[in-house]
>>> print(open('run_28.cif').read())   # mmCIF, C-alpha atoms
data_upload
#
loop_
_atom_site.group_PDB
_atom_site.id
_atom_site.type_symbol
_atom_site.label_atom_id
_atom_site.label_comp_id
_atom_site.auth_asym_id
_atom_site.auth_seq_id
_atom_site.Cartn_x
_atom_site.Cartn_y
_atom_site.Cartn_z
ATOM 1 C CA MET A 1 -7.917 -28.287 3.768
ATOM 2 C CA ALA A 2 -11.515 -27.196 4.293
ATOM 3 C CA THR A 3 -10.634 -25.374 7.502
ATOM 4 C CA LEU A 4 -7.557 -23.847 5.870
ATOM 5 C CA GLU A 5 -9.792 -22.499 3.089
ATOM 6 C CA LYS A 6 -12.217 -20.978 5.559
ATOM 7 C CA LYS A 7 -9.494 -19.469 7.684
ATOM 8 C CA GLY A 8 -7.430 -18.221 4.777
ATOM 9 C CA TRP A 9 -3.705 -18.630 4.317
ATOM 10 C CA SER A 10 -0.966 -17.939 6.818
ATOM 11 C CA PRO A 11 0.097 -14.289 6.532
ATOM 12 C CA TYR A 12 3.724 -15.495 6.597
ATOM 13 C CA LEU A 13 3.162 -17.749 3.568
ATOM 14 C CA ALA A 14 1.095 -15.251 1.560
ATOM 15 C CA GLY A 15 3.514 -12.463 2.513
ATOM 16 C CA ALA A 16 6.559 -14.473 1.455
ATOM 17 C CA LEU A 17 4.888 -15.367 -1.869
ATOM 18 C CA SER A 18 4.194 -11.649 -2.393
ATOM 19 C CA GLY A 19 7.893 -11.063 -1.804
ATOM 20 C CA VAL A 20 8.747 -13.597 -4.518
ATOM 21 C CA LEU A 21 6.213 -11.888 -6.805
ATOM 22 C CA SER A 22 7.870 -8.537 -6.144
ATOM 23 C CA ILE A 23 11.318 -9.975 -6.976
ATOM 24 C CA PHE A 24 10.053 -11.292 -10.324
ATOM 25 C CA SER A 25 8.303 -7.988 -11.040
ATOM 26 C CA VAL A 26 11.519 -6.041 -10.506
ATOM 27 C CA TRP A 27 13.495 -8.594 -12.506
ATOM 28 C CA VAL A 28 11.160 -8.786 -15.503
ATOM 29 C CA THR A 29 9.796 -5.239 -15.735
ATOM 30 C CA GLY A 30 11.909 -3.179 -13.298
ATOM 31 C CA LYS A 31 8.721 -2.179 -11.467
ATOM 32 C CA TYR A 32 8.441 -1.949 -7.675
ATOM 33 C CA PHE A 33 5.046 -2.328 -5.977
ATOM 34 C CA GLY A 34 3.118 0.831 -5.176
ATOM 35 C CA ALA A 35 -0.402 2.208 -5.293
ATOM 36 C CA SER A 36 -0.672 5.831 -4.230
ATOM 37 C CA THR A 37 0.717 7.424 -7.416
ATOM 38 C CA THR A 38 -2.243 5.826 -9.198
ATOM 39 C CA PHE A 39 -4.597 8.020 -7.167
ATOM 40 C CA VAL A 40 -2.699 11.106 -8.343
ATOM 41 C CA ARG A 41 -2.864 10.035 -11.993
ATOM 42 C CA SER A 42 -6.564 9.193 -11.654
ATOM 43 C CA ALA A 43 -7.364 12.528 -9.974
ATOM 44 C CA GLY A 44 -5.536 14.230 -12.845
ATOM 45 C CA MET A 45 -7.539 12.227 -15.398
ATOM 46 C CA VAL A 46 -10.800 13.340 -13.757
ATOM 47 C CA GLU A 47 -9.625 16.965 -13.591
ATOM 48 C CA LYS A 48 -8.658 16.833 -17.269
ATOM 49 C CA ILE A 49 -12.329 16.315 -18.131
ATOM 50 C CA ILE A 50 -13.142 19.604 -16.396
ATOM 51 C CA GLY A 51 -10.172 21.659 -17.624
ATOM 52 C CA SER A 52 -7.329 20.038 -19.502
ATOM 53 C CA GLU A 53 -5.306 23.259 -19.961
ATOM 54 C CA ARG A 54 -5.093 23.869 -16.235
ATOM 55 C CA VAL A 55 -3.999 20.268 -15.566
ATOM 56 C CA ALA A 56 -1.328 20.554 -18.258
ATOM 57 C CA ARG A 57 0.158 23.568 -16.430
ATOM 58 C CA MET A 58 0.156 22.084 -12.912
ATOM 59 C CA SER A 59 3.645 21.095 -11.820
ATOM 60 C CA TYR A 60 2.559 17.998 -9.910
ATOM 61 C CA PHE A 61 0.724 16.629 -12.946
ATOM 62 C CA ILE A 62 3.772 17.346 -15.081
ATOM 63 C CA LYS A 63 5.752 15.230 -12.614
ATOM 64 C CA GLU A 64 3.090 12.490 -12.394
ATOM 65 C CA ILE A 65 1.442 12.462 -15.819
ATOM 66 C CA PRO A 66 -2.306 11.633 -15.683
ATOM 67 C CA GLU A 67 -2.280 8.487 -17.803
ATOM 68 C CA ILE A 68 -2.716 4.746 -17.396
ATOM 69 C CA ASP A 69 0.614 3.078 -16.621
ATOM 70 C CA TRP A 70 1.995 -0.158 -15.120
ATOM 71 C CA GLN A 71 0.979 0.779 -11.569
ATOM 72 C CA TRP A 72 -2.522 1.831 -12.613
ATOM 73 C CA MET A 73 -3.099 -1.625 -14.070
ATOM 74 C CA PHE A 74 -1.472 -3.182 -10.976
ATOM 75 C CA VAL A 75 -4.065 -1.472 -8.775
ATOM 76 C CA VAL A 76 -6.932 -2.635 -11.013
ATOM 77 C CA GLY A 77 -5.418 -6.121 -10.835
ATOM 78 C CA ILE A 78 -5.555 -6.076 -7.022
ATOM 79 C CA LEU A 79 -9.334 -5.580 -7.227
ATOM 80 C CA ILE A 80 -9.712 -8.468 -9.692
ATOM 81 C CA GLY A 81 -7.399 -10.772 -7.733
ATOM 82 C CA SER A 82 -9.253 -10.087 -4.503
ATOM 83 C CA LEU A 83 -12.576 -10.702 -6.256
ATOM 84 C CA ILE A 84 -11.371 -14.052 -7.649
ATOM 85 C CA ALA A 85 -9.972 -15.204 -4.284
ATOM 86 C CA SER A 86 -13.030 -14.159 -2.277
ATOM 87 C CA VAL A 87 -15.619 -15.592 -4.675
ATOM 88 C CA ALA A 88 -13.673 -18.853 -5.023
ATOM 89 C CA SER A 89 -13.406 -19.288 -1.256
ATOM 90 C CA GLY A 90 -16.941 -18.104 -0.434
ATOM 91 C CA THR A 91 -15.705 -15.123 1.563
ATOM 92 C CA PHE A 92 -17.174 -12.501 -0.775
ATOM 93 C CA PHE A 93 -20.105 -10.578 0.649
ATOM 94 C CA TRP A 94 -21.418 -7.030 0.436
ATOM 95 C CA LYS A 95 -20.798 -5.112 3.633
ATOM 96 C CA GLY A 96 -20.868 -1.355 4.156
ATOM 97 C CA VAL A 97 -19.943 -1.174 7.854
ATOM 98 C CA PRO A 98 -17.045 -3.265 9.230
ATOM 99 C CA ASP A 99 -17.699 -5.325 12.403
ATOM 100 C CA MET A 100 -15.122 -3.565 14.554
ATOM 101 C CA TRP A 101 -16.489 -0.172 13.484
ATOM 102 C CA ALA A 102 -20.115 -1.189 14.142
ATOM 103 C CA LYS A 103 -19.268 -2.435 17.629
ATOM 104 C CA ARG A 104 -17.865 0.945 18.612
ATOM 105 C CA PHE A 105 -19.702 3.494 16.448
ATOM 106 C CA GLY A 106 -22.966 1.771 15.529
ATOM 107 C CA PRO A 107 -24.448 0.444 12.271
ATOM 108 C CA SER A 108 -24.902 3.794 10.440
ATOM 109 C CA LYS A 109 -23.571 3.514 6.882
ATOM 110 C CA PHE A 110 -23.701 7.291 6.561
ATOM 111 C CA LYS A 111 -21.455 7.883 9.565
ATOM 112 C CA ARG A 112 -19.006 5.226 8.356
ATOM 113 C CA GLY A 113 -19.056 6.748 4.844
ATOM 114 C CA ILE A 114 -18.268 10.270 6.058
ATOM 115 C CA VAL A 115 -15.352 9.163 8.240
ATOM 116 C CA ALA A 116 -14.002 6.842 5.515
ATOM 117 C CA PHE A 117 -14.116 9.725 3.022
ATOM 118 C CA LEU A 118 -12.374 12.187 5.348
ATOM 119 C CA GLY A 119 -9.858 9.531 6.320
ATOM 120 C CA GLY A 120 -9.147 8.962 2.630
ATOM 121 C CA VAL A 121 -8.523 12.674 2.001
ATOM 122 C CA ILE A 122 -6.111 12.928 4.944
ATOM 123 C CA ALA A 123 -4.359 9.593 4.286
ATOM 124 C CA MET A 124 -3.640 10.348 0.637
ATOM 125 C CA PHE A 125 -2.366 13.861 1.342
ATOM 126 C CA GLY A 126 0.029 12.420 3.921
ATOM 127 C CA ALA A 127 1.075 9.537 1.692
ATOM 128 C CA ARG A 128 1.946 11.881 -1.158
ATOM 129 C CA LEU A 129 3.819 14.246 1.148
ATOM 130 C CA ALA A 130 5.951 11.339 2.361
ATOM 131 C CA ASP A 131 6.334 10.196 -1.269
ATOM 132 C CA GLY A 132 4.943 6.745 -0.473
ATOM 133 C CA MET B 1 2.989 -5.221 -22.721
ATOM 134 C CA MET B 2 3.975 -3.247 -19.616
ATOM 135 C CA LEU B 3 0.281 -2.701 -18.866
ATOM 136 C CA LEU B 4 -0.417 -6.420 -19.132
ATOM 137 C CA TYR B 5 2.435 -7.193 -16.731
ATOM 138 C CA GLY B 6 0.969 -4.661 -14.304
ATOM 139 C CA LEU B 7 -2.467 -6.272 -14.486
ATOM 140 C CA ILE B 8 -1.193 -9.835 -14.019
ATOM 141 C CA THR B 9 1.100 -8.859 -11.132
ATOM 142 C CA GLY B 10 -1.802 -7.000 -9.507
ATOM 143 C CA ILE B 11 -4.170 -9.965 -9.872
ATOM 144 C CA ILE B 12 -1.710 -12.334 -8.168
ATOM 145 C CA PHE B 13 -0.967 -9.780 -5.438
ATOM 146 C CA GLY B 14 -4.684 -9.098 -4.860
ATOM 147 C CA PHE B 15 -5.301 -12.844 -4.660
ATOM 148 C CA LEU B 16 -2.592 -13.236 -1.996
ATOM 149 C CA LEU B 17 -3.801 -10.187 -0.045
ATOM 150 C CA GLN B 18 -7.335 -11.587 0.079
ATOM 151 C CA LYS B 19 -6.133 -15.091 1.021
ATOM 152 C CA ALA B 20 -4.152 -13.674 3.947
ATOM 153 C CA ARG B 21 -7.229 -11.599 4.966
ATOM 154 C CA VAL B 22 -5.094 -8.495 5.278
ATOM 155 C CA ILE B 23 -7.355 -6.188 3.271
ATOM 156 C CA ARG B 24 -10.026 -6.116 5.978
ATOM 157 C CA TYR B 25 -10.782 -3.085 8.110
ATOM 158 C CA ASP B 26 -10.800 -5.212 11.265
ATOM 159 C CA LYS B 27 -7.283 -6.499 10.516
ATOM 160 C CA GLN B 28 -5.891 -3.057 9.703
ATOM 161 C CA LEU B 29 -7.410 -1.470 12.815
ATOM 162 C CA GLY B 30 -6.289 -4.540 14.753
ATOM 163 C CA ALA B 31 -2.701 -3.750 13.795
ATOM 164 C CA LEU B 32 -3.059 -0.053 14.594
ATOM 165 C CA ARG B 33 -4.547 -0.966 17.985
ATOM 166 C CA LEU B 34 -1.712 -3.471 18.557
ATOM 167 C CA ILE B 35 -4.107 -6.366 19.123
ATOM 168 C CA ASP B 36 -3.716 -8.322 15.849
ATOM 169 C CA MET B 37 -0.397 -8.392 14.002
ATOM 170 C CA THR B 38 -1.626 -10.249 10.882
ATOM 171 C CA ILE B 39 -0.819 -7.410 8.477
ATOM 172 C CA VAL B 40 2.556 -6.773 10.098
ATOM 173 C CA LYS B 41 3.401 -10.466 9.626
ATOM 174 C CA PHE B 42 2.335 -10.243 5.973
ATOM 175 C CA MET B 43 4.158 -6.995 5.179
ATOM 176 C CA LEU B 44 7.359 -7.895 6.973
ATOM 177 C CA SER B 45 7.442 -11.365 5.352
ATOM 178 C CA THR B 46 7.114 -9.681 1.960
ATOM 179 C CA VAL B 47 9.860 -7.188 2.790
ATOM 180 C CA LEU B 48 12.295 -9.820 4.113
ATOM 181 C CA VAL B 49 11.911 -12.110 1.090
ATOM 182 C CA ALA B 50 11.917 -9.266 -1.442
ATOM 183 C CA MET B 51 14.938 -7.628 0.212
ATOM 184 C CA VAL B 52 17.091 -10.754 -0.048
ATOM 185 C CA GLY B 53 15.979 -11.541 -3.604
ATOM 186 C CA THR B 54 16.263 -8.003 -4.916
ATOM 187 C CA TYR B 55 19.766 -7.470 -3.498
ATOM 188 C CA LEU B 56 20.821 -10.860 -4.858
ATOM 189 C CA LEU B 57 19.687 -9.841 -8.332
ATOM 190 C CA LYS B 58 21.343 -6.458 -7.888
ATOM 191 C CA ASP B 59 24.664 -8.104 -7.030
ATOM 192 C CA LEU B 60 24.292 -10.163 -10.188
ATOM 193 C CA GLY B 61 23.740 -6.946 -12.120
ATOM 194 C CA LEU B 62 20.232 -7.968 -13.190
ATOM 195 C CA VAL B 63 18.161 -5.237 -11.526
ATOM 196 C CA LYS B 64 18.435 -1.623 -10.429
ATOM 197 C CA LEU B 65 17.313 -0.373 -7.025
ATOM 198 C CA SER B 66 14.708 2.389 -6.899
ATOM 199 C CA ILE B 67 15.826 4.451 -3.919
ATOM 200 C CA LYS B 68 13.536 7.243 -2.784
ATOM 201 C CA THR B 69 14.953 10.524 -1.582
ATOM 202 C CA THR B 70 15.015 10.808 2.216
ATOM 203 C CA ILE B 71 13.536 14.187 3.137
ATOM 204 C CA LEU B 72 13.042 14.179 6.909
ATOM 205 C CA GLY B 73 10.520 17.051 6.956
ATOM 206 C CA SER B 74 8.109 15.591 4.435
ATOM 207 C CA VAL B 75 8.558 11.939 5.458
ATOM 208 C CA ILE B 76 7.904 12.602 9.164
ATOM 209 C CA LEU B 77 5.065 15.069 8.574
ATOM 210 C CA GLY B 78 3.556 12.994 5.774
ATOM 211 C CA GLY B 79 3.823 9.834 7.859
ATOM 212 C CA LEU B 80 2.019 11.437 10.791
ATOM 213 C CA ILE B 81 -0.765 12.770 8.543
ATOM 214 C CA PHE B 82 -1.078 9.423 6.750
ATOM 215 C CA GLY B 83 -1.395 7.626 10.089
ATOM 216 C CA VAL B 84 -4.322 9.785 11.177
ATOM 217 C CA GLY B 85 -6.095 9.228 7.864
ATOM 218 C CA TRP B 86 -5.384 5.484 7.872
ATOM 219 C CA GLY B 87 -6.882 5.204 11.348
ATOM 220 C CA PHE B 88 -10.089 6.886 10.150
ATOM 221 C CA LEU B 89 -10.342 4.974 6.896
ATOM 222 C CA GLY B 90 -9.055 1.555 7.956
ATOM 223 C CA TYR B 91 -7.714 0.798 4.473
ATOM 224 C CA CYS B 92 -4.508 1.929 2.802
ATOM 225 C CA PRO B 93 -4.405 2.972 -0.873
ATOM 226 C CA GLY B 94 -3.646 -0.513 -2.236
ATOM 227 C CA THR B 95 -5.921 -2.462 0.079
ATOM 228 C CA SER B 96 -8.903 -0.142 -0.485
ATOM 229 C CA VAL B 97 -9.377 -1.467 -4.018
ATOM 230 C CA GLY B 98 -8.872 -5.015 -2.749
ATOM 231 C CA ALA B 99 -11.585 -4.406 -0.142
ATOM 232 C CA ILE B 100 -14.062 -3.591 -2.915
ATOM 233 C CA GLY B 101 -13.020 -6.840 -4.596
ATOM 234 C CA GLU B 102 -14.317 -8.787 -1.608
ATOM 235 C CA GLY B 103 -17.481 -6.690 -1.303
ATOM 236 C CA ARG B 104 -16.547 -4.308 1.525
ATOM 237 C CA TYR B 105 -18.039 -1.313 -0.192
ATOM 238 C CA ASP B 106 -17.335 1.283 2.522
ATOM 239 C CA ALA B 107 -13.912 1.400 0.821
ATOM 240 C CA ILE B 108 -15.574 3.258 -2.098
ATOM 241 C CA TRP B 109 -15.963 6.335 0.124
ATOM 242 C CA GLY B 110 -12.333 6.016 1.091
ATOM 243 C CA ILE B 111 -11.237 5.804 -2.549
ATOM 244 C CA LEU B 112 -13.256 8.917 -3.428
ATOM 245 C CA GLY B 113 -11.662 10.657 -0.452
ATOM 246 C CA MET B 114 -8.204 9.580 -1.577
ATOM 247 C CA LEU B 115 -8.810 10.966 -5.073
ATOM 248 C CA VAL B 116 -9.775 14.290 -3.466
ATOM 249 C CA GLY B 117 -6.709 14.096 -1.224
ATOM 250 C CA ALA B 118 -4.471 13.526 -4.254
ATOM 251 C CA ALA B 119 -6.077 16.492 -6.048
ATOM 252 C CA LEU B 120 -5.563 18.694 -2.987
ATOM 253 C CA TYR B 121 -1.925 17.609 -2.800
ATOM 254 C CA ALA B 122 -1.433 18.547 -6.449
ATOM 255 C CA GLU B 123 -2.807 22.019 -5.620
ATOM 256 C CA ALA B 124 -0.561 22.401 -2.585
ATOM 257 C CA TYR B 125 2.547 21.001 -4.279
ATOM 258 C CA PRO B 126 3.972 24.265 -5.721
ATOM 259 C CA GLY B 127 3.831 25.854 -2.258
ATOM 260 C CA MET B 128 5.505 22.900 -0.573
ATOM 261 C CA LYS B 129 8.232 22.337 -3.149
ATOM 262 C CA ASN B 130 10.406 25.049 -1.638
ATOM 263 C CA THR B 131 9.397 24.510 1.989
ATOM 264 C CA VAL B 132 8.492 21.134 3.556
ATOM 265 C CA LEU B 133 9.994 19.224 0.650
ATOM 266 C CA THR B 134 13.421 20.736 1.318
ATOM 267 C CA TRP B 135 13.523 20.359 5.122
ATOM 268 C CA GLY B 136 16.205 17.837 6.041
ATOM 269 C CA ASP B 137 16.894 16.602 2.515
ATOM 270 C CA LEU B 138 19.464 13.807 2.916
ATOM 271 C CA GLY B 139 19.365 12.660 -0.706
ATOM 272 C CA LYS B 140 19.077 9.063 -1.903
ATOM 273 C CA ILE B 141 20.667 7.282 1.027
ATOM 274 C CA THR B 142 20.653 3.666 2.237
ATOM 275 C CA PHE B 143 21.696 2.075 5.551
ATOM 276 C CA PRO B 144 24.712 0.206 4.114
ATOM 277 C CA GLN B 145 25.933 3.399 2.449
ATOM 278 C CA VAL B 146 25.520 5.620 5.525
ATOM 279 C CA LEU B 147 27.096 3.060 7.869
ATOM 280 C CA GLY B 148 29.779 2.183 5.329
ATOM 281 C CA VAL B 149 29.277 -1.578 5.625
ATOM 282 C CA ASN B 150 28.468 -4.378 3.192
ATOM 283 C CA HIS B 151 24.719 -4.553 2.498
ATOM 284 C CA TRP B 152 24.551 -8.261 3.426
ATOM 285 C CA ILE B 153 25.453 -7.400 7.016
ATOM 286 C CA ILE B 154 22.453 -5.057 7.218
ATOM 287 C CA ILE B 155 20.230 -7.600 5.467
ATOM 288 C CA ALA B 156 21.278 -10.349 7.912
ATOM 289 C CA ILE B 157 20.539 -8.113 10.904
ATOM 290 C CA ILE B 158 17.090 -7.166 9.560
ATOM 291 C CA VAL B 159 16.201 -10.787 8.718
ATOM 292 C CA ILE B 160 17.249 -12.028 12.175
ATOM 293 C CA GLY B 161 15.404 -9.114 13.832
ATOM 294 C CA GLY B 162 12.293 -9.869 11.790
ATOM 295 C CA LEU B 163 12.336 -13.562 12.651
ATOM 296 C CA LEU B 164 12.743 -12.796 16.361
ATOM 297 C CA LEU B 165 9.800 -10.417 16.137
ATOM 298 C CA PHE B 166 7.692 -13.135 14.469
ATOM 299 C CA ARG B 167 8.607 -15.562 17.253
ATOM 300 C CA TRP B 168 7.560 -13.013 19.843
ATOM 301 C CA PHE B 169 4.224 -12.381 18.052
ATOM 302 C CA GLU B 170 3.477 -16.128 18.072
ATOM 303 C CA LYS B 171 4.456 -16.477 21.734
ATOM 304 C CA LYS B 172 2.116 -13.619 22.676
ATOM 305 C CA GLY B 173 -0.641 -14.855 20.355
ATOM 306 C CA LEU B 174 -0.805 -11.542 18.495
#
>>> encode(input="run_28.cif", output="structure tokens")
Amino acid sequence: MATLEKKGWSPYLAGALSGVLSIFSVWVTGKYFGASTTFVRSAGMVEKIIGSERVARMSYFIKEIPEIDWQWMFVVGILIGSLIASVASGTFFWKGVPDMWAKRFGPSKFKRGIVAFLGGVIAMFGARLADG
Amino acid sequence: MMLLYGLITGIIFGFLLQKARVIRYDKQLGALRLIDMTIVKFMLSTVLVAMVGTYLLKDLGLVKLSIKTTILGSVILGGLIFGVGWGFLGYCPGTSVGAIGEGRYDAIWGILGMLVGAALYAEAYPGMKNTVLTWGDLGKITFPQVLGVNHWIIIAIIVIGGLLLFRWFEKKGL
């Protein structure tokens, strides 16, 4: 059991359990898993602070209203669940540059931060375009 | 109540994601580089189980499917763009918040980037609504509907295909 804890769970087992979780979610609340719409709603919430009239007129924010909904809480839950699992199993630690990245591109947190940011911009634009 | 359900579902999902170690940069890049299939095993296991269960409940009239519109132009283009960004970032939207949960704080930069990306998309949306988002619009289609066969035939094929793929992964040690 000790080695299983250290190594984590089988991806087949954890994946299948996530499937069961998804079935219950759809059954009980009618909600399918997703995350990227939350980034749209959150961006809208931030923009509302700067100019709420403009946000109210934008067609994409009329389609995806900037407010906290089921999925928004789901995404927050993922952070909490990951925190609980990692702290409980002793796999939580602060790290700003992943191992595989450091091996290839060096230990610079700045370089990693810039690429992560740009990657985030591109990934979310693509995700929204594909409606995923 | 809906918000509470969202939070609880997210906590369980985040717990499982962390346990399977799939929220790590090294695992995500490992999949993209075709050297470590851990996240593919996780995702496909989820899909196979959820597919069977969801269709079962649908046949019993207990749930409704949420079918997205298939627009070839935006799905193909968006998928290609997403892939480039994912390769740079090494986290996807859902796993980026999970990564912060286990202390991998480079994901914060990715999340800020994704918020900017979402804002940019909202700006570009009016211009794309009548262009990319209309190219090859096939409507809300599914495989069983297009092929005109019972959905359980398609489900059986996908489950068998998935299991064969898993066996191959294990044989190759991926």
>>> interface_residues(input="run_28.cif", of="chain B", to="chain A", cutoff="6 Å", atoms="all atoms listed in the file", output="PyMOL selection string")
chain B and resi 2-3+6-7+10-12+14-16+18-20+26+41-42+45-46+49-50+53-54+63+74-75+78+81-82+85-86+88-89+93-94+97-98+101-106+109-110+113-119+121-122
>>> atom_distance(input="run_28.cif", atom1="CA of Met51 in chain B", atom2="CA of Val159 in chain B")
9.2 Å
>>> residues_around(input="run_28.cif", residues="Lys172 in chain B", least_positions_apart="6", cutoff="12 Å", atoms="all atoms listed in the file", output="list in words")
Leu34, Ile35, Asp36, Met37, Leu165 and Phe166 of chain B
>>> atom_distance(input="run_28.cif", atom1="CA of Val22 in chain B", atom2="CA of Leu112 in chain B")
21.1 Å
>>> atom_distance(input="run_28.cif", atom1="CA of Ile65 in chain A", atom2="CA of Ala124 in chain B")
16.7 Å
>>> closest_residue(input="run_28.cif", among="B:Met1, B:Leu48, B:Tyr91, B:Gly30", to="Ile154 in chain B", atoms="all atoms listed in the file")
B:Leu48
>>> closest_residue(input="run_28.cif", among="B:Val132, B:Leu17, B:Val47, B:Leu4", to="Gly162 in chain B", atoms="only C-alpha atoms")
B:Val47
>>> residues_around(input="run_28.cif", residues="Tyr55 in chain B", least_positions_apart="5", cutoff="9 Å", atoms="all atoms listed in the file", output="list in words")
Ala50, Leu60, Val63, Leu65, His151, Trp152 and Ile155 of chain B
>>> build_atoms(input="run_28.cif", residues="range 50-62 of chain A", atoms="N, CA, C and O atoms", output="PDB file, keeping the file's coordinate frame")
ATOM      1  N   ILE A  50     -12.609  18.283 -16.738  1.00  0.00           N
ATOM      2  CA  ILE A  50     -13.142  19.604 -16.396  1.00  0.00           C
ATOM      3  C   ILE A  50     -12.323  20.713 -17.081  1.00  0.00           C
ATOM      4  O   ILE A  50     -12.889  21.631 -17.664  1.00  0.00           O
ATOM      5  N   GLY A  51     -11.010  20.621 -16.987  1.00  0.00           N
ATOM      6  CA  GLY A  51     -10.172  21.659 -17.624  1.00  0.00           C
ATOM      7  C   GLY A  51      -8.790  21.130 -17.934  1.00  0.00           C
ATOM      8  O   GLY A  51      -7.923  21.102 -17.062  1.00  0.00           O
ATOM      9  N   SER A  52      -8.583  20.708 -19.169  1.00  0.00           N
ATOM     10  CA  SER A  52      -7.329  20.038 -19.502  1.00  0.00           C
ATOM     11  C   SER A  52      -6.144  21.005 -19.549  1.00  0.00           C
ATOM     12  O   SER A  52      -5.013  20.615 -19.266  1.00  0.00           O
ATOM     13  N   GLU A  53      -6.404  22.284 -19.874  1.00  0.00           N
ATOM     14  CA  GLU A  53      -5.306  23.259 -19.961  1.00  0.00           C
ATOM     15  C   GLU A  53      -4.685  23.507 -18.600  1.00  0.00           C
ATOM     16  O   GLU A  53      -3.474  23.594 -18.459  1.00  0.00           O
ATOM     17  N   ARG A  54      -5.568  23.611 -17.595  1.00  0.00           N
ATOM     18  CA  ARG A  54      -5.093  23.869 -16.235  1.00  0.00           C
ATOM     19  C   ARG A  54      -4.244  22.688 -15.745  1.00  0.00           C
ATOM     20  O   ARG A  54      -3.171  22.875 -15.175  1.00  0.00           O
ATOM     21  N   VAL A  55      -4.728  21.472 -15.991  1.00  0.00           N
ATOM     22  CA  VAL A  55      -3.999  20.268 -15.566  1.00  0.00           C
ATOM     23  C   VAL A  55      -2.624  20.219 -16.231  1.00  0.00           C
ATOM     24  O   VAL A  55      -1.622  19.889 -15.601  1.00  0.00           O
ATOM     25  N   ALA A  56      -2.585  20.590 -17.498  1.00  0.00           N
ATOM     26  CA  ALA A  56      -1.328  20.554 -18.258  1.00  0.00           C
ATOM     27  C   ALA A  56      -0.290  21.517 -17.689  1.00  0.00           C
ATOM     28  O   ALA A  56       0.912  21.312 -17.846  1.00  0.00           O
ATOM     29  N   ARG A  57      -0.770  22.573 -17.001  1.00  0.00           N
ATOM     30  CA  ARG A  57       0.158  23.568 -16.430  1.00  0.00           C
ATOM     31  C   ARG A  57       0.603  23.227 -15.015  1.00  0.00           C
ATOM     32  O   ARG A  57       1.575  23.781 -14.524  1.00  0.00           O
ATOM     33  N   MET A  58      -0.138  22.348 -14.325  1.00  0.00           N
ATOM     34  CA  MET A  58       0.156  22.084 -12.912  1.00  0.00           C
ATOM     35  C   MET A  58       1.413  21.229 -12.759  1.00  0.00           C
ATOM     36  O   MET A  58       1.524  20.155 -13.337  1.00  0.00           O
ATOM     37  N   SER A  59       2.331  21.740 -11.909  1.00  0.00           N
ATOM     38  CA  SER A  59       3.645  21.095 -11.820  1.00  0.00           C
ATOM     39  C   SER A  59       3.566  19.651 -11.331  1.00  0.00           C
ATOM     40  O   SER A  59       4.350  18.800 -11.760  1.00  0.00           O
ATOM     41  N   TYR A  60       2.622  19.361 -10.433  1.00  0.00           N
ATOM     42  CA  TYR A  60       2.559  17.998  -9.910  1.00  0.00           C
ATOM     43  C   TYR A  60       2.076  17.007 -10.971  1.00  0.00           C
ATOM     44  O   TYR A  60       2.480  15.852 -10.983  1.00  0.00           O
ATOM     45  N   PHE A  61       1.210  17.506 -11.874  1.00  0.00           N
ATOM     46  CA  PHE A  61       0.724  16.629 -12.946  1.00  0.00           C
ATOM     47  C   PHE A  61       1.710  16.566 -14.115  1.00  0.00           C
ATOM     48  O   PHE A  61       1.578  15.728 -15.006  1.00  0.00           O
ATOM     49  N   ILE A  62       2.686  17.467 -14.103  1.00  0.00           N
ATOM     50  CA  ILE A  62       3.772  17.346 -15.081  1.00  0.00           C
ATOM     51  C   ILE A  62       4.741  16.264 -14.586  1.00  0.00           C
ATOM     52  O   ILE A  62       5.260  15.466 -15.363  1.00  0.00           O
TER      53      ILE A  62
END
